[in-house]
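A.B. asks: If you scroll down you'll find the structure; I have some questions about it.
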Amino acid sequence: MSTDHFPYKIELHVHLDGAIRTETIIETAKRRDIHFPWKTIQELKSHLVVTSPPYTLQALLEKFKTFMPVVAGDRDAIYKLAYDFCEDSRLHNVYYVEARYSPQLFANKMTNGDKPPFALTEGDITPREVVSIICDAFEKGSKDFGIIVKSILCCVEHVPEWSNEVVDLCQEFQSRGVVAIDIACGDLDPEVPNKELHTRAFQQASKLGIHRTVHAGESGPAEGIKLALDEMHAERIGHGYKVVDDPDLYERCRKENIHFEVCPLSSVKTGSVPDDLNKHPLHRFIDDDVNFSISTDDPIVLDNDLTSDYKMVMEMGLDKDHVIATIFHAARSCFASPEEKEQILADLVKVYGDKFMKM
Ligand SMILES: [Zn+2]
């Protein structure tokens with residue numbers, strides 16, 4: 001049995017729909033009698049996994065259109081993919097994880113009567129029902145695998161009309177492990193139409209004590225990060241690599257201890273960081289002791305896991321202590337309750353010692 005150098009991991013930025021097992025998609029297509037051109041795991045993987053440049057965020061997001069219609073609106077598939085997610089996390093010694101998803105993208109009945117975005121046929125699974133199914137699966141999975149799994153509900157950047165419902169669902173399911181709101185499916189673009197609907201939802205979340213993280217400054221400009229902080233009260237930034245382009249903003253983020261959810265392989269496969277990995281902002285983050293952690297983002301299209309992303313950053317020059325420090329950053333910046341955080345930190349000290357508690 002190989003030993004894991006990091007036997008207690010934490011993951012703060014992973015999309016549930018980006019972490020579905022390929023076999024679940026193939027089996028579900030078969031069970032539902034959906035015409036699906038990819039019959040084996042290998043065929044589907046080679047279609048989904050982005051292997052050659054040019055790498056763009058849009059190309060990566062396009063891949064979701066292939067498989068989301070298979071699982072959207074199917075109660076059993078949604079439960080299974082969420083439960084399996086817990087097992088896969090445990091397999092990589094991820095003991096605390098926050099998984100994010102858009103409830104609307106899994107639904108087959110929209111609250112406003114619109115056509116569901118992905119589901120092939122309409123039914124009775126509303127966004128609210130989606131959250132309820134996933135909470136059930138996470139509760140069972142957490143218990144069965146001895147880990148903590150929380151949910152972050154995502155707004156979708158190009159559909160601001162859903163954001164109000166997302167914040168309502170965050171509030172309703174707060175007691176069932178829904179800890180935060182996010183904006184996904186793009187990169188916070190200062191020019192997005194109706195963005196005030198997103199802004200309003202985030203301000204409401206802040207009032208209700210719901211945590212906030214925002215995808216920004218990934219492939220889009222650093223300005224998106226400013227918007228996330230100033231108008232959306234973001235506590236963490238998804239990716240945020242472009243922060244280094246704006247020295248004042250970078251300084252501010254350091255001062256305010258803003259947490260960056262860095263996804264190393266994803267940052268390359270979306271073309272968000274320079275080709276030369278020596279110029280990856282992660283090196284500056286390390287040098288400047290920036291508050292950041294390491295996550296996978298979308299394993300189904302990246303063919304990664306947290307173990308492989310840790311390995312990647314070590315090949316980029318980080319040492320073991322650097323990586324452990326990021327796990328402690330994640331523990332301090334996660335959206336668990338203060339009591340849970342205290343317990344997580346105590347567990348981390350047991351595994352890695354107390355020298356990382358200084359910061
Ligand atoms: Zn993401």
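By order in the structure tokens, chains are A, B, ...; within a chain, residues start at 1; ligands start at 1, following the order shown.
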Quick one: contact table of chain A to ligand 1, 7 Å max, nearest atom pair and distance in Å to one decimal per residue, counting only C-alpha atoms and all ligand atoms, chain and number order, as CSV?
C.D. replies:
```
residue,atom,partner,partner_atom_place_in_ligand_line,distance
A:His13,CA,ligand 1,1 (Zn),6.2
A:Val14,CA,ligand 1,1 (Zn),6.4
A:His15,CA,ligand 1,1 (Zn),6.3
A:Ala184,CA,ligand 1,1 (Zn),6.4
A:His215,CA,ligand 1,1 (Zn),6.5
A:Gly238,CA,ligand 1,1 (Zn),6.3
A:Asp297,CA,ligand 1,1 (Zn),5.1
```
A.B. asks: Report the residues of stretch 84-295 of chain A whose backbone DSSP state falls under alpha helix (DSSP H), written as a PyMOL selection string.
C.D. replies: chain A and resi 84-91+103-106+127-145+163-172+195-208+223-230+247-255+264-269+281-287
A.B. asks: Considering only C-alpha atoms, tabulate each residue of stretch 134-233 of chain A that lies at most 10 Å from stretch 265-285 of chain A along with its nearest interatomic pair and the corresponding distance in Å to one decimal; arrange the rows by chain and ascending residue number and present them as JSON lines.
C.D. replies:
```
{"residue": "A:Gly217", "atom": "CA", "partner": "A:Ser272", "partner_atom": "CA", "distance": 8.8}
{"residue": "A:Glu218", "atom": "CA", "partner": "A:Ser272", "partner_atom": "CA", "distance": 5.8}
{"residue": "A:Ser219", "atom": "CA", "partner": "A:Ser272", "partner_atom": "CA", "distance": 4.6}
{"residue": "A:Gly220", "atom": "CA", "partner": "A:Ser272", "partner_atom": "CA", "distance": 8.3}
```
A.B. asks: Measuring atom to atom with only C-alpha atoms, identify which of A:Pro117, A:Gly123, A:Pro53, A:Gly141 is nearest to A:Leu81.
C.D. replies: A:Gly141
A.B. asks: Can you build me a table of stretch 106-152 of chain A residues sitting at most 12 Å from stretch 25-41 of chain A, with the closest atom pair per residue and its distance in Å to one decimal, using only C-alpha atoms, sorted by chain and residue number, as a tab-separated table?
C.D. replies:
```
residue	atom	partner	partner_atom	distance
A:Ala119	CA	A:Ile34	CA	11.6
A:Leu120	CA	A:Ile34	CA	9.2
A:Thr121	CA	A:Ile34	CA	11.3
```
A.B. asks: Write out as a VMD selection string all residues of stretch 34-263 of chain A that DSSP puts in strand (DSSP E or B) for this structure's backbone.
C.D. replies: chain A and resid 94 to 101 148 to 156 178 to 184 211 to 216 236 to 239 259 to 262
A.B. asks: Just C-alpha atoms for this one: save the residues we selected as a PDB file, in the first residue's frame.
C.D. replies:
```pdb
ATOM      1  CA  VAL A  94     -10.046  14.435   2.012  1.00  0.00           C
ATOM      2  CA  TYR A  95     -11.652  14.695   5.439  1.00  0.00           C
ATOM      3  CA  TYR A  96     -13.325  18.051   4.966  1.00  0.00           C
ATOM      4  CA  VAL A  97     -14.764  19.133   1.630  1.00  0.00           C
ATOM      5  CA  GLU A  98     -17.094  21.814   0.323  1.00  0.00           C
ATOM      6  CA  ALA A  99     -18.728  20.700  -2.927  1.00  0.00           C
ATOM      7  CA  ARG A 100     -20.472  23.254  -5.099  1.00  0.00           C
ATOM      8  CA  TYR A 101     -23.193  22.991  -7.709  1.00  0.00           C
ATOM      9  CA  ILE A 148     -17.398  16.235   6.658  1.00  0.00           C
ATOM     10  CA  VAL A 149     -19.100  17.279   3.405  1.00  0.00           C
ATOM     11  CA  LYS A 150     -20.663  20.716   3.023  1.00  0.00           C
ATOM     12  CA  SER A 151     -22.448  22.293   0.061  1.00  0.00           C
ATOM     13  CA  ILE A 152     -21.995  25.600  -1.695  1.00  0.00           C
ATOM     14  CA  LEU A 153     -24.846  26.583  -4.012  1.00  0.00           C
ATOM     15  CA  CYS A 154     -23.806  28.271  -7.234  1.00  0.00           C
ATOM     16  CA  CYS A 155     -25.431  31.072  -9.121  1.00  0.00           C
ATOM     17  CA  VAL A 156     -24.783  30.872 -12.835  1.00  0.00           C
ATOM     18  CA  VAL A 178     -25.310  24.321   2.892  1.00  0.00           C
ATOM     19  CA  VAL A 179     -22.699  26.850   3.940  1.00  0.00           C
ATOM     20  CA  ALA A 180     -22.226  29.338   1.130  1.00  0.00           C
ATOM     21  CA  ILE A 181     -23.170  30.885  -2.182  1.00  0.00           C
ATOM     22  CA  ASP A 182     -20.936  31.178  -5.273  1.00  0.00           C
ATOM     23  CA  ILE A 183     -21.108  32.328  -8.874  1.00  0.00           C
ATOM     24  CA  ALA A 184     -19.920  29.793 -11.413  1.00  0.00           C
ATOM     25  CA  HIS A 211     -20.800  32.681   3.409  1.00  0.00           C
ATOM     26  CA  ARG A 212     -19.693  33.995   0.017  1.00  0.00           C
ATOM     27  CA  THR A 213     -17.121  32.872  -2.505  1.00  0.00           C
ATOM     28  CA  VAL A 214     -16.930  34.092  -6.094  1.00  0.00           C
ATOM     29  CA  HIS A 215     -15.219  32.775  -9.239  1.00  0.00           C
ATOM     30  CA  ALA A 216     -13.216  35.780 -10.378  1.00  0.00           C
ATOM     31  CA  ARG A 236     -12.938  33.843  -0.687  1.00  0.00           C
ATOM     32  CA  ILE A 237     -12.090  34.036  -4.373  1.00  0.00           C
ATOM     33  CA  GLY A 238     -12.369  31.056  -6.707  1.00  0.00           C
ATOM     34  CA  HIS A 239      -9.043  31.000  -8.603  1.00  0.00           C
ATOM     35  CA  HIS A 259      -8.454  33.263   0.669  1.00  0.00           C
ATOM     36  CA  PHE A 260      -7.708  32.133  -2.893  1.00  0.00           C
ATOM     37  CA  GLU A 261      -9.012  28.752  -3.996  1.00  0.00           C
ATOM     38  CA  VAL A 262      -6.220  27.750  -6.343  1.00  0.00           C
TER      39      VAL A 262
END
```
A.B. asks: May I have the residues within 9 Å of A:Glu87 as a list in words, using only C-alpha atoms and disregarding those fewer than 4 positions away in the same chain?
C.D. replies: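 Once the nearby chain positions are removed, what remains is Tyr83, Leu91, His92, Gly141, Ser142, Asp144 and Phe145 of chain A.
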A.B. asks: Go ahead and dump the residues you just picked, C-alpha atoms, as an mmCIF file, in the first residue's frame.
C.D. replies:
```cif
data_model
loop_
_atom_site.group_PDB
_atom_site.id
_atom_site.type_symbol
_atom_site.label_atom_id
_atom_site.label_comp_id
_atom_site.auth_asym_id
_atom_site.auth_seq_id
_atom_site.Cartn_x
_atom_site.Cartn_y
_atom_site.Cartn_z
ATOM 1 C CA TYR A 83 -22.929 9.811 -2.456
ATOM 2 C CA LEU A 91 -10.315 7.646 -0.989
ATOM 3 C CA HIS A 92 -7.917 10.577 -1.258
ATOM 4 C CA GLY A 141 -21.899 9.737 2.728
ATOM 5 C CA SER A 142 -20.380 11.826 5.525
ATOM 6 C CA ASP A 144 -20.499 6.190 6.059
ATOM 7 C CA PHE A 145 -17.042 7.492 5.190
#
```
A.B. asks: In terms of the shortest atom-to-atom distance over only C-alpha atoms, which of A:Val159, A:Met68, A:Val349, A:Cys263 is closest to A:Val313?
C.D. replies: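 Distance minimum relative to A:Val313 lands on A:Cys263.
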A.B. asks: Quick one: distance from atom CA of A:Phe64 to atom CA of A:Tyr79 in Å, one decimal?
C.D. replies: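 Between atom CA of A:Phe64 and atom CA of A:Tyr79 the gap is 18.4 Å.
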A.B. asks: Skip A:Ser333 itself and residues of its chain fewer than 4 positions away, then list as a tab-separated table (two decimals) with all heavy atoms, in the first residue's frame all residues within 10 Å of it, counting only C-alpha atoms.
C.D. replies:
```tsv
chain	number	residue	atom	x	y	z
A	12	LEU	N	-11.66	22.87	-0.93
A	12	LEU	CA	-12.66	23.95	-0.86
A	12	LEU	C	-13.26	24.32	-2.21
A	12	LEU	O	-14.24	25.05	-2.27
A	12	LEU	CB	-12.04	25.22	-0.23
A	12	LEU	CG	-11.45	25.07	1.18
A	12	LEU	CD1	-10.97	26.43	1.69
A	12	LEU	CD2	-12.45	24.46	2.16
A	235	GLU	N	-15.77	36.43	0.67
A	235	GLU	CA	-14.76	36.14	1.68
A	235	GLU	C	-13.61	35.35	1.07
A	235	GLU	O	-12.50	35.34	1.58
A	235	GLU	CB	-15.37	35.32	2.82
A	235	GLU	CG	-16.50	36.04	3.53
A	235	GLU	CD	-17.43	35.05	4.20
A	235	GLU	OE1	-17.19	34.71	5.37
A	235	GLU	OE2	-18.39	34.60	3.54
A	236	ARG	N	-13.96	34.61	0.02
A	236	ARG	CA	-12.94	33.84	-0.69
A	236	ARG	C	-13.11	34.09	-2.19
A	236	ARG	O	-14.21	34.44	-2.63
A	236	ARG	CB	-13.11	32.33	-0.42
A	236	ARG	CG	-13.00	31.96	1.04
A	236	ARG	CD	-12.82	30.47	1.28
A	236	ARG	NE	-13.51	29.56	0.39
A	236	ARG	CZ	-14.18	28.47	0.81
A	236	ARG	NH1	-14.28	28.19	2.11
A	236	ARG	NH2	-14.76	27.68	-0.07
A	257	ASN	N	-6.44	39.30	4.23
A	257	ASN	CA	-6.34	37.84	4.36
A	257	ASN	C	-7.40	37.09	3.53
A	257	ASN	O	-7.99	36.11	3.98
A	257	ASN	CB	-6.44	37.45	5.85
A	257	ASN	CG	-5.90	36.05	6.09
A	257	ASN	OD1	-4.97	35.62	5.41
A	257	ASN	ND2	-6.49	35.33	7.04
A	258	ILE	N	-7.66	37.61	2.33
A	258	ILE	CA	-8.62	36.96	1.43
A	258	ILE	C	-8.05	35.60	1.01
A	258	ILE	O	-6.87	35.49	0.67
A	258	ILE	CB	-8.86	37.83	0.17
A	258	ILE	CG1	-9.44	39.20	0.56
A	258	ILE	CG2	-9.74	37.12	-0.86
A	258	ILE	CD1	-10.76	39.18	1.27
A	259	HIS	N	-8.90	34.60	1.03
A	259	HIS	CA	-8.45	33.26	0.67
A	259	HIS	C	-8.65	33.00	-0.83
A	259	HIS	O	-9.73	33.24	-1.36
A	259	HIS	CB	-9.24	32.22	1.47
A	259	HIS	CG	-8.77	30.82	1.22
A	259	HIS	ND1	-7.74	30.26	1.93
A	259	HIS	CD2	-9.17	29.89	0.32
A	259	HIS	CE1	-7.53	29.02	1.49
A	259	HIS	NE2	-8.39	28.78	0.51
A	260	PHE	N	-7.62	32.49	-1.48
A	260	PHE	CA	-7.71	32.13	-2.89
A	260	PHE	C	-7.79	30.61	-3.03
A	260	PHE	O	-6.95	29.89	-2.50
A	260	PHE	CB	-6.49	32.66	-3.67
A	260	PHE	CG	-6.49	34.15	-3.79
A	260	PHE	CD1	-5.88	34.94	-2.83
A	260	PHE	CD2	-7.15	34.77	-4.84
A	260	PHE	CE1	-5.91	36.33	-2.92
A	260	PHE	CE2	-7.19	36.15	-4.95
A	260	PHE	CZ	-6.57	36.94	-3.98
A	261	GLU	N	-8.83	30.18	-3.75
A	261	GLU	CA	-9.01	28.75	-4.00
A	261	GLU	C	-8.29	28.43	-5.30
A	261	GLU	O	-8.82	28.61	-6.39
A	261	GLU	CB	-10.51	28.45	-4.13
A	261	GLU	CG	-11.33	28.88	-2.90
A	261	GLU	CD	-12.81	29.10	-3.20
A	261	GLU	OE1	-13.23	28.96	-4.38
A	261	GLU	OE2	-13.57	29.41	-2.27
A	291	ASN	N	-2.85	33.69	1.66
A	291	ASN	CA	-3.78	32.70	2.16
A	291	ASN	C	-4.43	31.96	0.96
A	291	ASN	O	-5.32	32.49	0.33
A	291	ASN	CB	-4.83	33.44	3.00
A	291	ASN	CG	-5.91	32.52	3.53
A	291	ASN	OD1	-5.84	31.30	3.41
A	291	ASN	ND2	-6.93	33.13	4.14
A	292	PHE	N	-3.93	30.77	0.66
A	292	PHE	CA	-4.54	30.01	-0.45
A	292	PHE	C	-4.52	28.52	-0.15
A	292	PHE	O	-3.79	28.06	0.73
A	292	PHE	CB	-3.83	30.31	-1.78
A	292	PHE	CG	-2.53	29.57	-1.99
A	292	PHE	CD1	-2.50	28.41	-2.75
A	292	PHE	CD2	-1.35	30.04	-1.44
A	292	PHE	CE1	-1.29	27.72	-2.95
A	292	PHE	CE2	-0.14	29.37	-1.63
A	292	PHE	CZ	-0.11	28.21	-2.39
A	293	SER	N	-5.36	27.79	-0.88
A	293	SER	CA	-5.36	26.34	-0.74
A	293	SER	C	-5.44	25.71	-2.13
A	293	SER	O	-5.57	26.42	-3.14
A	293	SER	CB	-6.51	25.87	0.14
A	293	SER	OG	-7.74	26.28	-0.42
A	327	ILE	N	-2.99	23.46	3.58
A	327	ILE	CA	-4.09	22.70	4.21
A	327	ILE	C	-4.56	23.43	5.47
A	327	ILE	O	-5.77	23.53	5.74
A	327	ILE	CB	-3.65	21.25	4.53
A	327	ILE	CG1	-3.16	20.54	3.25
A	327	ILE	CG2	-4.80	20.46	5.16
A	327	ILE	CD1	-2.53	19.16	3.49
A	328	PHE	N	-3.62	23.99	6.20
A	328	PHE	CA	-4.01	24.78	7.38
A	328	PHE	C	-4.75	26.06	6.95
A	328	PHE	O	-5.70	26.48	7.60
A	328	PHE	CB	-2.78	25.13	8.23
A	328	PHE	CG	-2.41	24.04	9.20
A	328	PHE	CD1	-1.74	22.90	8.78
A	328	PHE	CD2	-2.76	24.14	10.55
A	328	PHE	CE1	-1.41	21.88	9.67
A	328	PHE	CE2	-2.44	23.12	11.46
A	328	PHE	CZ	-1.76	21.99	11.01
A	329	HIS	N	-4.29	26.67	5.84
A	329	HIS	CA	-5.02	27.85	5.33
A	329	HIS	C	-6.47	27.45	5.04
A	329	HIS	O	-7.41	28.18	5.35
A	329	HIS	CB	-4.42	28.33	4.01
A	329	HIS	CG	-3.12	29.08	4.15
A	329	HIS	ND1	-2.91	30.03	5.11
A	329	HIS	CD2	-1.99	29.03	3.41
A	329	HIS	CE1	-1.69	30.53	4.96
A	329	HIS	NE2	-1.10	29.94	3.94
A	341	LYS	N	-14.49	24.01	12.92
A	341	LYS	CA	-13.16	24.48	12.52
A	341	LYS	C	-12.13	24.16	13.58
A	341	LYS	O	-11.02	23.71	13.28
A	341	LYS	CB	-13.18	26.00	12.35
A	341	LYS	CG	-13.44	26.45	10.96
A	341	LYS	CD	-13.24	27.96	10.92
A	341	LYS	CE	-13.49	28.49	9.55
A	341	LYS	NZ	-13.26	29.90	9.41
```
A.B. asks: Env of A:Asp124: 9 Å cut, atoms = only C-alpha atoms, seq-sep filter 2 positions within chain, self excluded. Answer as a VMD selection string.
C.D. replies: chain A and resid 73 107 to 110 122 126 129
A.B. asks: What is the distance, in Å and to one decimal place, between atom CA of A:Ile134 and atom CA of A:Ala82?
C.D. replies: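 Atom-to-atom, atom CA of A:Ile134 and atom CA of A:Ala82 are spaced 5.9 Å apart.
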A.B. asks: Residues near A:Thr66, anyone? I mean within 9 Å using only C-alpha atoms, not counting same-chain ones fewer than 3 positions away, as a list in words.
C.D. replies: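 Here the answer would be Phe36, Leu48, Glu62, Lys63, Pro69 and Val70 of chain A.
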